[in-house]
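As stored in final.txt (compact mmCIF, C-alpha atoms and all ligand atoms):
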```
# COMPACT_ATOMS: atom_id res chain seq x y z
CA MET A 1 -50.95 -67.21 60.69
CA LEU A 2 -48.18 -67.12 63.28
CA THR A 3 -48.54 -65.28 66.51
CA ALA A 4 -46.35 -67.33 68.87
CA GLY A 5 -46.74 -64.53 71.36
CA PRO A 6 -48.25 -61.12 71.89
CA THR A 7 -48.63 -59.08 68.72
CA PRO A 8 -45.70 -56.68 68.80
CA PRO A 9 -46.77 -53.08 68.27
CA VAL A 10 -44.56 -51.51 65.61
CA GLN A 11 -45.44 -48.28 63.88
CA PRO A 12 -44.15 -47.57 60.35
CA ASP A 13 -42.24 -44.51 61.58
CA GLU A 14 -40.25 -46.65 64.00
CA TRP A 15 -40.04 -49.70 61.77
CA GLU A 16 -36.60 -50.51 60.41
CA PHE A 17 -35.34 -53.37 58.28
CA SER A 18 -31.77 -54.64 58.38
CA VAL A 19 -29.59 -57.24 56.72
CA GLU A 20 -26.55 -58.40 58.69
CA THR A 21 -23.87 -60.28 56.81
CA GLU A 22 -21.53 -63.00 58.02
CA LYS A 23 -18.88 -60.28 58.35
CA GLY A 24 -21.04 -58.31 60.75
CA GLN A 25 -21.83 -55.57 58.24
CA THR A 26 -25.36 -54.28 58.66
CA SER A 27 -27.43 -52.49 56.03
CA ARG A 28 -30.56 -50.68 57.23
CA TRP A 29 -33.65 -49.29 55.56
CA SER A 30 -36.32 -47.10 57.11
CA TRP A 31 -39.94 -47.43 56.03
CA ASP A 32 -39.51 -44.65 53.45
CA GLU A 33 -36.15 -45.93 52.23
CA MET A 34 -37.63 -49.39 51.75
CA HIS A 35 -40.55 -48.04 49.73
CA ALA A 36 -38.15 -45.93 47.65
CA LEU A 37 -36.55 -49.16 46.37
CA GLY A 38 -39.71 -49.69 44.34
CA VAL A 39 -42.93 -51.47 45.28
CA ASP A 40 -44.19 -54.38 43.17
CA ASP A 41 -47.77 -55.49 42.63
CA ILE A 42 -47.78 -59.21 43.28
CA GLU A 43 -50.47 -61.79 42.52
CA ILE A 44 -49.70 -65.07 44.23
CA ASP A 45 -51.18 -68.14 45.88
CA ILE A 46 -50.41 -68.87 49.49
CA HIS A 47 -50.30 -72.30 51.11
CA CYS A 48 -50.79 -72.82 54.81
CA VAL A 49 -49.40 -75.88 56.52
CA THR A 50 -52.83 -76.49 58.02
CA HIS A 51 -54.07 -77.60 54.59
CA TRP A 52 -55.70 -74.45 53.27
CA SER A 53 -54.59 -72.38 50.31
CA ARG A 54 -55.67 -68.96 49.07
CA LEU A 55 -55.35 -68.48 45.35
CA GLY A 56 -54.86 -65.24 43.45
CA MET A 57 -54.15 -62.94 46.38
CA ASN A 58 -52.95 -59.44 45.56
CA TRP A 59 -50.06 -58.11 47.59
CA ARG A 60 -47.70 -55.13 47.39
CA GLY A 61 -44.13 -55.16 48.55
CA VAL A 62 -40.47 -54.69 47.77
CA SER A 63 -38.62 -57.54 46.07
CA LEU A 64 -35.73 -58.99 48.03
CA ASP A 65 -33.75 -58.80 44.78
CA LYS A 66 -33.67 -55.02 45.27
CA ILE A 67 -32.48 -55.41 48.84
CA PHE A 68 -29.79 -57.96 48.06
CA ALA A 69 -28.55 -55.79 45.17
CA GLN A 70 -27.18 -53.60 47.98
CA VAL A 71 -25.72 -56.43 50.10
CA THR A 72 -22.45 -58.30 49.64
CA THR A 73 -22.51 -61.81 51.09
CA SER A 74 -21.08 -65.22 50.34
CA SER A 75 -23.46 -67.05 52.69
CA ASP A 76 -26.10 -69.40 51.32
CA TYR A 77 -28.59 -69.31 54.20
CA VAL A 78 -30.75 -66.66 55.84
CA MET A 79 -32.41 -66.38 59.23
CA ALA A 80 -35.35 -63.98 59.18
CA HIS A 81 -35.96 -62.19 62.49
CA SER A 82 -39.21 -60.58 63.59
CA TYR A 83 -40.27 -57.99 66.12
CA GLY A 84 -41.32 -60.20 69.03
CA GLY A 85 -38.46 -62.65 68.55
CA TYR A 86 -39.83 -65.13 66.00
CA THR A 87 -37.29 -66.56 63.54
CA THR A 88 -37.50 -68.67 60.40
CA ASN A 89 -34.73 -70.02 58.14
CA ILE A 90 -34.69 -69.88 54.33
CA PRO A 91 -31.98 -70.62 51.74
CA LEU A 92 -30.83 -67.37 50.12
CA ASP A 93 -31.46 -68.56 46.57
CA GLU A 94 -35.14 -69.07 47.45
CA LEU A 95 -35.45 -65.40 48.37
CA LEU A 96 -34.15 -64.18 45.00
CA ASP A 97 -35.30 -64.12 41.34
CA GLY A 98 -38.66 -62.52 42.06
CA ARG A 99 -39.76 -65.13 44.59
CA ALA A 100 -39.83 -63.15 47.85
CA TRP A 101 -40.81 -59.71 49.10
CA ILE A 102 -41.07 -57.46 52.10
CA ALA A 103 -44.84 -56.98 51.89
CA PHE A 104 -46.87 -54.05 53.24
CA GLU A 105 -50.31 -54.52 51.69
CA ALA A 106 -52.67 -57.39 50.96
CA ASP A 107 -55.88 -57.12 48.95
CA GLY A 108 -55.53 -53.36 48.69
CA ARG A 109 -55.11 -52.66 52.39
CA PRO A 110 -52.14 -52.06 54.66
CA LEU A 111 -51.29 -55.19 56.63
CA THR A 112 -52.81 -55.05 60.08
CA ALA A 113 -50.67 -56.05 63.06
CA GLU A 114 -52.70 -59.24 63.32
CA HIS A 115 -51.63 -60.16 59.79
CA GLY A 116 -48.00 -59.28 60.37
CA GLY A 117 -48.05 -55.55 59.64
CA PRO A 118 -46.59 -53.13 59.17
CA ALA A 119 -44.42 -55.49 57.09
CA ARG A 120 -44.01 -59.22 56.73
CA LEU A 121 -41.80 -61.45 54.69
CA LEU A 122 -43.67 -62.95 51.74
CA VAL A 123 -42.27 -66.20 50.32
CA PRO A 124 -45.32 -67.66 48.60
CA HIS A 125 -43.62 -70.72 47.10
CA LEU A 126 -42.95 -72.05 50.62
CA TYR A 127 -45.44 -72.85 53.36
CA PHE A 128 -46.80 -69.71 54.94
CA TRP A 129 -45.02 -70.06 58.29
CA LYS A 130 -41.90 -69.03 56.35
CA SER A 131 -43.57 -65.71 55.50
CA ALA A 132 -42.55 -64.21 58.83
CA LYS A 133 -44.92 -61.66 60.32
CA TRP A 134 -43.52 -58.38 61.72
CA VAL A 135 -40.24 -58.94 59.95
CA ARG A 136 -37.41 -56.70 61.10
CA GLY A 137 -34.39 -58.14 59.38
CA LEU A 138 -32.34 -60.93 57.91
CA ARG A 139 -29.12 -62.42 59.21
CA MET A 140 -26.85 -64.30 56.82
CA MET A 141 -25.73 -67.79 57.91
CA GLU A 142 -22.92 -69.86 56.45
CA ARG A 143 -24.75 -73.08 57.27
CA GLU A 144 -28.40 -74.00 57.51
CA GLN A 145 -29.83 -73.67 61.01
CA PRO A 146 -33.46 -74.12 62.05
CA GLY A 147 -35.67 -71.18 63.01
CA PHE A 148 -38.38 -71.19 65.66
CA TRP A 149 -40.98 -73.59 64.29
CA GLU A 150 -38.37 -75.55 62.37
CA SER A 151 -36.72 -76.31 65.72
CA ASN A 152 -40.00 -77.42 67.19
CA GLY A 153 -41.39 -79.89 64.67
CA TYR A 154 -41.69 -78.20 61.28
CA SER A 155 -39.72 -79.00 58.14
CA ILE A 156 -36.40 -77.23 57.68
CA HIS A 157 -37.47 -76.34 54.11
CA GLY A 158 -41.28 -76.25 53.83
CA ASP A 159 -42.03 -76.83 50.14
CA PRO A 160 -45.82 -77.24 49.73
CA TRP A 161 -45.44 -79.15 46.46
CA LYS A 162 -43.41 -81.79 48.29
CA GLU A 163 -45.70 -81.52 51.36
CA GLU A 164 -42.68 -80.77 53.54
CA ARG A 165 -44.67 -79.97 56.67
CA TYR A 166 -42.83 -81.65 59.54
CA TRP A 167 -39.53 -83.35 60.33
CA MET B 1 -16.54 -90.57 82.58
CA THR B 2 -18.01 -92.99 80.10
CA HIS B 3 -21.58 -92.78 78.88
CA ILE B 4 -24.12 -95.54 78.59
CA ASP B 5 -26.81 -96.18 76.02
CA GLY B 6 -29.84 -93.84 76.12
CA ASN B 7 -32.05 -96.88 76.52
CA ALA B 8 -30.89 -96.98 80.12
CA MET B 9 -33.06 -93.94 80.83
CA SER B 10 -36.18 -95.22 79.09
CA GLY B 11 -37.63 -96.78 82.22
CA VAL B 12 -37.40 -93.72 84.41
CA LEU B 13 -38.51 -91.42 81.57
CA SER B 14 -41.58 -93.47 80.77
CA GLU B 15 -42.47 -93.33 84.46
CA LEU B 16 -41.90 -89.57 84.73
CA LEU B 17 -43.46 -88.46 81.45
CA THR B 18 -46.93 -89.25 82.71
CA VAL B 19 -46.70 -86.07 84.81
CA GLU B 20 -49.74 -83.99 85.77
CA PRO B 21 -48.69 -80.86 83.91
CA THR B 22 -50.87 -78.29 85.64
CA THR B 23 -49.21 -78.72 89.01
CA ALA B 24 -45.68 -79.55 87.87
CA ARG B 25 -43.42 -76.56 88.46
CA SER B 26 -40.59 -75.47 86.21
CA ARG B 27 -37.83 -72.91 86.26
CA CYS B 28 -37.56 -70.45 83.38
CA ALA B 29 -34.17 -70.79 81.70
CA ASN B 30 -34.18 -67.08 80.88
CA CYS B 31 -35.20 -65.31 84.10
CA GLY B 32 -35.25 -68.08 86.71
CA ASP B 33 -38.90 -67.68 87.67
CA VAL B 34 -40.37 -70.87 89.16
CA ALA B 35 -44.05 -71.48 88.48
CA ALA B 36 -46.55 -74.21 87.75
CA LEU B 37 -47.05 -74.84 84.06
CA ALA B 38 -50.64 -73.70 84.54
CA MET B 39 -49.31 -70.19 85.22
CA ALA B 40 -47.64 -69.92 81.81
CA LEU B 41 -49.09 -67.64 79.14
CA VAL B 42 -50.19 -69.87 76.28
CA TYR B 43 -50.56 -68.57 72.73
CA PRO B 44 -52.35 -71.09 70.52
CA ASP B 45 -51.83 -70.38 66.84
CA ALA B 46 -52.05 -72.13 63.53
CA ALA B 47 -48.57 -73.65 63.72
CA GLY B 48 -48.68 -74.84 67.31
CA TRP B 49 -48.97 -73.85 70.94
CA VAL B 50 -46.41 -71.59 72.56
CA ALA B 51 -46.18 -71.33 76.36
CA ARG B 52 -44.36 -68.23 77.61
CA CYS B 53 -42.99 -67.35 81.04
CA ARG B 54 -45.43 -65.27 83.09
CA ALA B 55 -42.54 -63.12 84.31
CA CYS B 56 -40.29 -62.47 81.31
CA HIS B 57 -42.44 -63.71 78.38
CA GLU B 58 -39.66 -65.87 76.96
CA VAL B 59 -40.74 -69.16 75.38
CA LEU B 60 -40.90 -72.03 77.88
CA ALA B 61 -42.44 -74.77 75.78
CA THR B 62 -44.04 -75.52 72.45
CA VAL B 63 -46.34 -78.24 71.22
CA VAL B 64 -46.76 -79.00 67.52
CA ARG B 65 -49.25 -81.59 66.31
CA GLY B 66 -49.59 -82.88 62.79
CA ASP B 67 -49.49 -85.96 60.58
CA GLY B 68 -50.54 -88.02 63.60
CA ARG B 69 -47.41 -86.98 65.48
CA THR B 70 -46.60 -84.53 68.29
CA TRP B 71 -43.47 -82.52 69.00
CA LEU B 72 -42.89 -81.25 72.53
CA SER B 73 -40.16 -78.73 73.28
CA LEU B 74 -39.34 -77.75 76.86
CA ARG B 75 -36.26 -75.81 75.85
CA GLY B 76 -37.06 -72.72 77.90
CA MET B 77 -37.13 -74.62 81.19
CA THR B 78 -34.07 -75.63 83.13
CA ALA B 79 -35.96 -78.39 84.93
CA ILE B 80 -39.42 -79.57 85.91
CA GLU B 81 -40.38 -80.59 89.44
CA LEU B 82 -42.52 -83.70 89.51
CA GLU B 83 -44.44 -84.83 92.55
CA ARG B 84 -43.06 -88.34 92.79
ZN ZN C 1 -38.84 -66.08 82.57
```

Starting from the file, give its structure as structure tokens.
Ligand SMILES: [Zn+2]
Amino acid sequence: MLTAGPTPPVQPDEWEFSVETEKGQTSRWSWDEMHALGVDDIEIDIHCVTHWSRLGMNWRGVSLDKIFAQVTTSSDYVMAHSYGGYTTNIPLDELLDGRAWIAFEADGRPLTAEHGGPARLLVPHLYFWKSAKWVRGLRMMEREQPGFWESNGYSIHGDPWKEERYW
Amino acid sequence: MTHIDGNAMSGVLSELLTVEPTTARSRCANCGDVAALAMALVYPDAAGWVARCRACHEVLATVVRGDGRTWLSLRGMTAIELER
């Protein structure tokens, strides 16, 4: 749903995902290394802030639990960064316990660039602007700071069940 | 230097914020390019509108509308020239 600029062209063979901790330590995964962590089949509902939902979508991706099993951090907040510069903020505990993925496929097909491919963040229990397209990494934050749309009118949290759309 | 209440600026702001945005020129905070807002590259998407600098493609401005409200950010501009 979010373009916010030209669609950044990223090929899987040049795609890389990183997590940078508050101590400046960076862990990196190539496309193949990410897939080797183990890809889940995911059936979820997604909720767009513009009042539509899609129920029972099938996605495939790597759970962020598997990524954070390899990261040591004491920070509670995360800023997701995308190719193209988009950012969105999410509390770390909302990315864990099987609630968030780095997703590569939807409805049996690789994600197109238009839909955030080759990989996007998938956080289905929050509004879909949090599911950052073209994700390239996460940066740990010791305090909550707003990402791109959160700075410009959208809710810092974005829970669809509480209708947290805007400030 | 002491500051005064923000209300002191409300008169001049309410006069200035009726600007004709297509001809108003702004300077990009990232690269310094000066151009009319009409020259910006605008990307409308589901979340809101994003205007980017024609020269460096950094974000100049965003507009978000929802719940009967509007949020305007001009964070990527150092200043806007108004014909007043
Ligand atoms: Zn510029």

Check: Using only C-alpha atoms and all ligand atoms, which of the listed residues (B:Gly66, B:Gly76, B:Val12, B:Thr18) sits closest to ligand ZN 1 (chain C)?
Finding: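 The closest residue to ligand ZN 1 (chain C) is B:Gly76.
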
Next item on the list: May I have the protein, DNA and RNA residues with an atom at most 10 Å from (-50.3, -63.5, 42.2), counting only C-alpha atoms in the file's coordinates, returned as a VMD selection string?
Entry: chain A and resid 41 to 46 55 to 59 124

Item checked: Close residues to ligand ZN 1 (chain C) using only C-alpha atoms and all ligand atoms, limit 8 Å, as a PyMOL selection string -> chain B and resi 27-33+52-58+60

Next item on the list: Would you please work out which residue, of A:Cys48, A:Ile67, A:Val19, A:Val78, is nearest to Ala36 of chain A when using all atoms listed in the file?
Entry: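 Among A:Cys48, A:Ile67, A:Val19, A:Val78, it is A:Ile67 that comes nearest to Ala36 of chain A.
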
Next item on the list: Pick out the residues sitting within 8 Å of His125 of chain A, and hand them over as a list in words; count all atoms listed in the file, and ignore anything fewer than 5 positions along from it in its own chain.
Entry: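 My list of contacting residues is Ile46, His47, Arg99, Asp159 and Pro160 of chain A.
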
Notebook entry, point to check: Using all atoms listed in the file, which chain B residues lie at most 7 Å away from chain A, written as a ChimeraX atom specification?
Noted result: /B:43,45-47,50,62,64,71,73

Taking the structure I provided as the source, export segment 48-59 of chain A with all heavy atoms, as an mmCIF file, in the first residue's frame.
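So decode.cif came out as:
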```cif
data_model
loop_
_atom_site.group_PDB
_atom_site.id
_atom_site.type_symbol
_atom_site.label_atom_id
_atom_site.label_comp_id
_atom_site.auth_asym_id
_atom_site.auth_seq_id
_atom_site.Cartn_x
_atom_site.Cartn_y
_atom_site.Cartn_z
ATOM 1 N N CYS A 48 -6.070 -2.516 6.348
ATOM 2 C CA CYS A 48 -5.517 -1.271 5.835
ATOM 3 C C CYS A 48 -6.184 -0.105 6.541
ATOM 4 O O CYS A 48 -7.367 -0.147 6.881
ATOM 5 C CB CYS A 48 -5.728 -1.163 4.334
ATOM 6 S SG CYS A 48 -4.825 0.219 3.627
ATOM 7 N N VAL A 49 -5.414 0.953 6.737
ATOM 8 C CA VAL A 49 -5.931 2.116 7.452
ATOM 9 C C VAL A 49 -7.051 2.784 6.663
ATOM 10 O O VAL A 49 -7.879 3.489 7.224
ATOM 11 C CB VAL A 49 -4.775 3.088 7.755
ATOM 12 C CG1 VAL A 49 -4.309 3.786 6.502
ATOM 13 C CG2 VAL A 49 -5.144 4.071 8.842
ATOM 14 N N THR A 50 -7.103 2.522 5.360
ATOM 15 C CA THR A 50 -8.145 3.129 4.541
ATOM 16 C C THR A 50 -9.413 2.264 4.542
ATOM 17 O O THR A 50 -10.156 2.225 3.570
ATOM 18 C CB THR A 50 -7.649 3.346 3.110
ATOM 19 O OG1 THR A 50 -7.045 2.135 2.647
ATOM 20 C CG2 THR A 50 -6.628 4.451 3.057
ATOM 21 N N HIS A 51 -9.618 1.541 5.650
ATOM 22 C CA HIS A 51 -10.896 0.897 5.948
ATOM 23 C C HIS A 51 -11.193 -0.363 5.147
ATOM 24 O O HIS A 51 -12.323 -0.809 5.115
ATOM 25 C CB HIS A 51 -12.079 1.880 5.807
ATOM 26 C CG HIS A 51 -12.027 3.006 6.783
ATOM 27 N ND1 HIS A 51 -12.651 2.967 8.007
ATOM 28 C CD2 HIS A 51 -11.390 4.195 6.739
ATOM 29 C CE1 HIS A 51 -12.410 4.089 8.665
ATOM 30 N NE2 HIS A 51 -11.639 4.845 7.918
ATOM 31 N N TRP A 52 -10.185 -0.952 4.479
ATOM 32 C CA TRP A 52 -10.464 -2.272 3.932
ATOM 33 C C TRP A 52 -9.634 -3.312 4.671
ATOM 34 O O TRP A 52 -8.594 -3.008 5.244
ATOM 35 C CB TRP A 52 -10.247 -2.356 2.424
ATOM 36 C CG TRP A 52 -8.877 -1.990 1.914
ATOM 37 C CD1 TRP A 52 -8.498 -0.797 1.378
ATOM 38 C CD2 TRP A 52 -7.701 -2.817 1.881
ATOM 39 N NE1 TRP A 52 -7.175 -0.829 1.029
ATOM 40 C CE2 TRP A 52 -6.663 -2.050 1.321
ATOM 41 C CE3 TRP A 52 -7.427 -4.136 2.279
ATOM 42 C CZ2 TRP A 52 -5.375 -2.548 1.146
ATOM 43 C CZ3 TRP A 52 -6.142 -4.630 2.098
ATOM 44 C CH2 TRP A 52 -5.136 -3.838 1.530
ATOM 45 N N SER A 53 -10.138 -4.548 4.646
ATOM 46 C CA SER A 53 -9.404 -5.675 5.215
ATOM 47 C C SER A 53 -9.415 -6.793 4.187
ATOM 48 O O SER A 53 -10.322 -6.886 3.365
ATOM 49 C CB SER A 53 -10.064 -6.176 6.499
ATOM 50 O OG SER A 53 -9.987 -5.186 7.504
ATOM 51 N N ARG A 54 -8.380 -7.626 4.209
ATOM 52 C CA ARG A 54 -8.395 -8.847 3.412
ATOM 53 C C ARG A 54 -8.194 -10.010 4.354
ATOM 54 O O ARG A 54 -7.211 -10.068 5.072
ATOM 55 C CB ARG A 54 -7.299 -8.842 2.343
ATOM 56 C CG ARG A 54 -7.854 -8.468 0.982
ATOM 57 C CD ARG A 54 -6.858 -8.727 -0.108
ATOM 58 N NE ARG A 54 -6.817 -10.133 -0.511
ATOM 59 C CZ ARG A 54 -5.960 -10.587 -1.415
ATOM 60 N NH1 ARG A 54 -5.099 -9.785 -1.983
ATOM 61 N NH2 ARG A 54 -5.976 -11.873 -1.749
ATOM 62 N N LEU A 55 -9.160 -10.924 4.331
ATOM 63 C CA LEU A 55 -9.156 -12.021 5.294
ATOM 64 C C LEU A 55 -8.579 -13.276 4.658
ATOM 65 O O LEU A 55 -8.757 -13.527 3.463
ATOM 66 C CB LEU A 55 -10.586 -12.285 5.778
ATOM 67 C CG LEU A 55 -11.323 -11.041 6.303
ATOM 68 C CD1 LEU A 55 -12.718 -11.423 6.801
ATOM 69 C CD2 LEU A 55 -10.540 -10.353 7.406
ATOM 70 N N GLY A 56 -7.884 -14.067 5.477
ATOM 71 C CA GLY A 56 -7.412 -15.373 5.034
ATOM 72 C C GLY A 56 -6.387 -15.333 3.924
ATOM 73 O O GLY A 56 -6.382 -16.200 3.052
ATOM 74 N N MET A 57 -5.513 -14.348 3.928
ATOM 75 C CA MET A 57 -4.441 -14.319 2.924
ATOM 76 C C MET A 57 -3.343 -15.302 3.297
ATOM 77 O O MET A 57 -3.018 -15.464 4.464
ATOM 78 C CB MET A 57 -3.817 -12.925 2.838
ATOM 79 C CG MET A 57 -4.496 -11.974 1.891
ATOM 80 S SD MET A 57 -3.423 -10.519 1.621
ATOM 81 C CE MET A 57 -2.450 -11.059 0.206
ATOM 82 N N ASN A 58 -2.766 -15.931 2.277
ATOM 83 C CA ASN A 58 -1.657 -16.861 2.495
ATOM 84 C C ASN A 58 -0.343 -16.201 2.114
ATOM 85 O O ASN A 58 -0.189 -15.713 0.999
ATOM 86 C CB ASN A 58 -1.856 -18.125 1.662
ATOM 87 C CG ASN A 58 -3.033 -18.925 2.181
ATOM 88 O OD1 ASN A 58 -3.010 -19.419 3.306
ATOM 89 N ND2 ASN A 58 -4.081 -19.009 1.385
ATOM 90 N N TRP A 59 0.563 -16.193 3.071
ATOM 91 C CA TRP A 59 1.883 -15.605 2.866
ATOM 92 C C TRP A 59 2.946 -16.637 3.204
ATOM 93 O O TRP A 59 2.667 -17.632 3.867
ATOM 94 C CB TRP A 59 2.081 -14.389 3.800
ATOM 95 C CG TRP A 59 1.202 -13.221 3.521
ATOM 96 C CD1 TRP A 59 -0.137 -13.135 3.770
ATOM 97 C CD2 TRP A 59 1.590 -11.960 2.965
ATOM 98 N NE1 TRP A 59 -0.599 -11.888 3.400
ATOM 99 C CE2 TRP A 59 0.444 -11.149 2.908
ATOM 100 C CE3 TRP A 59 2.797 -11.434 2.512
ATOM 101 C CZ2 TRP A 59 0.458 -9.856 2.422
ATOM 102 C CZ3 TRP A 59 2.830 -10.141 2.027
ATOM 103 C CH2 TRP A 59 1.672 -9.362 1.970
#
```
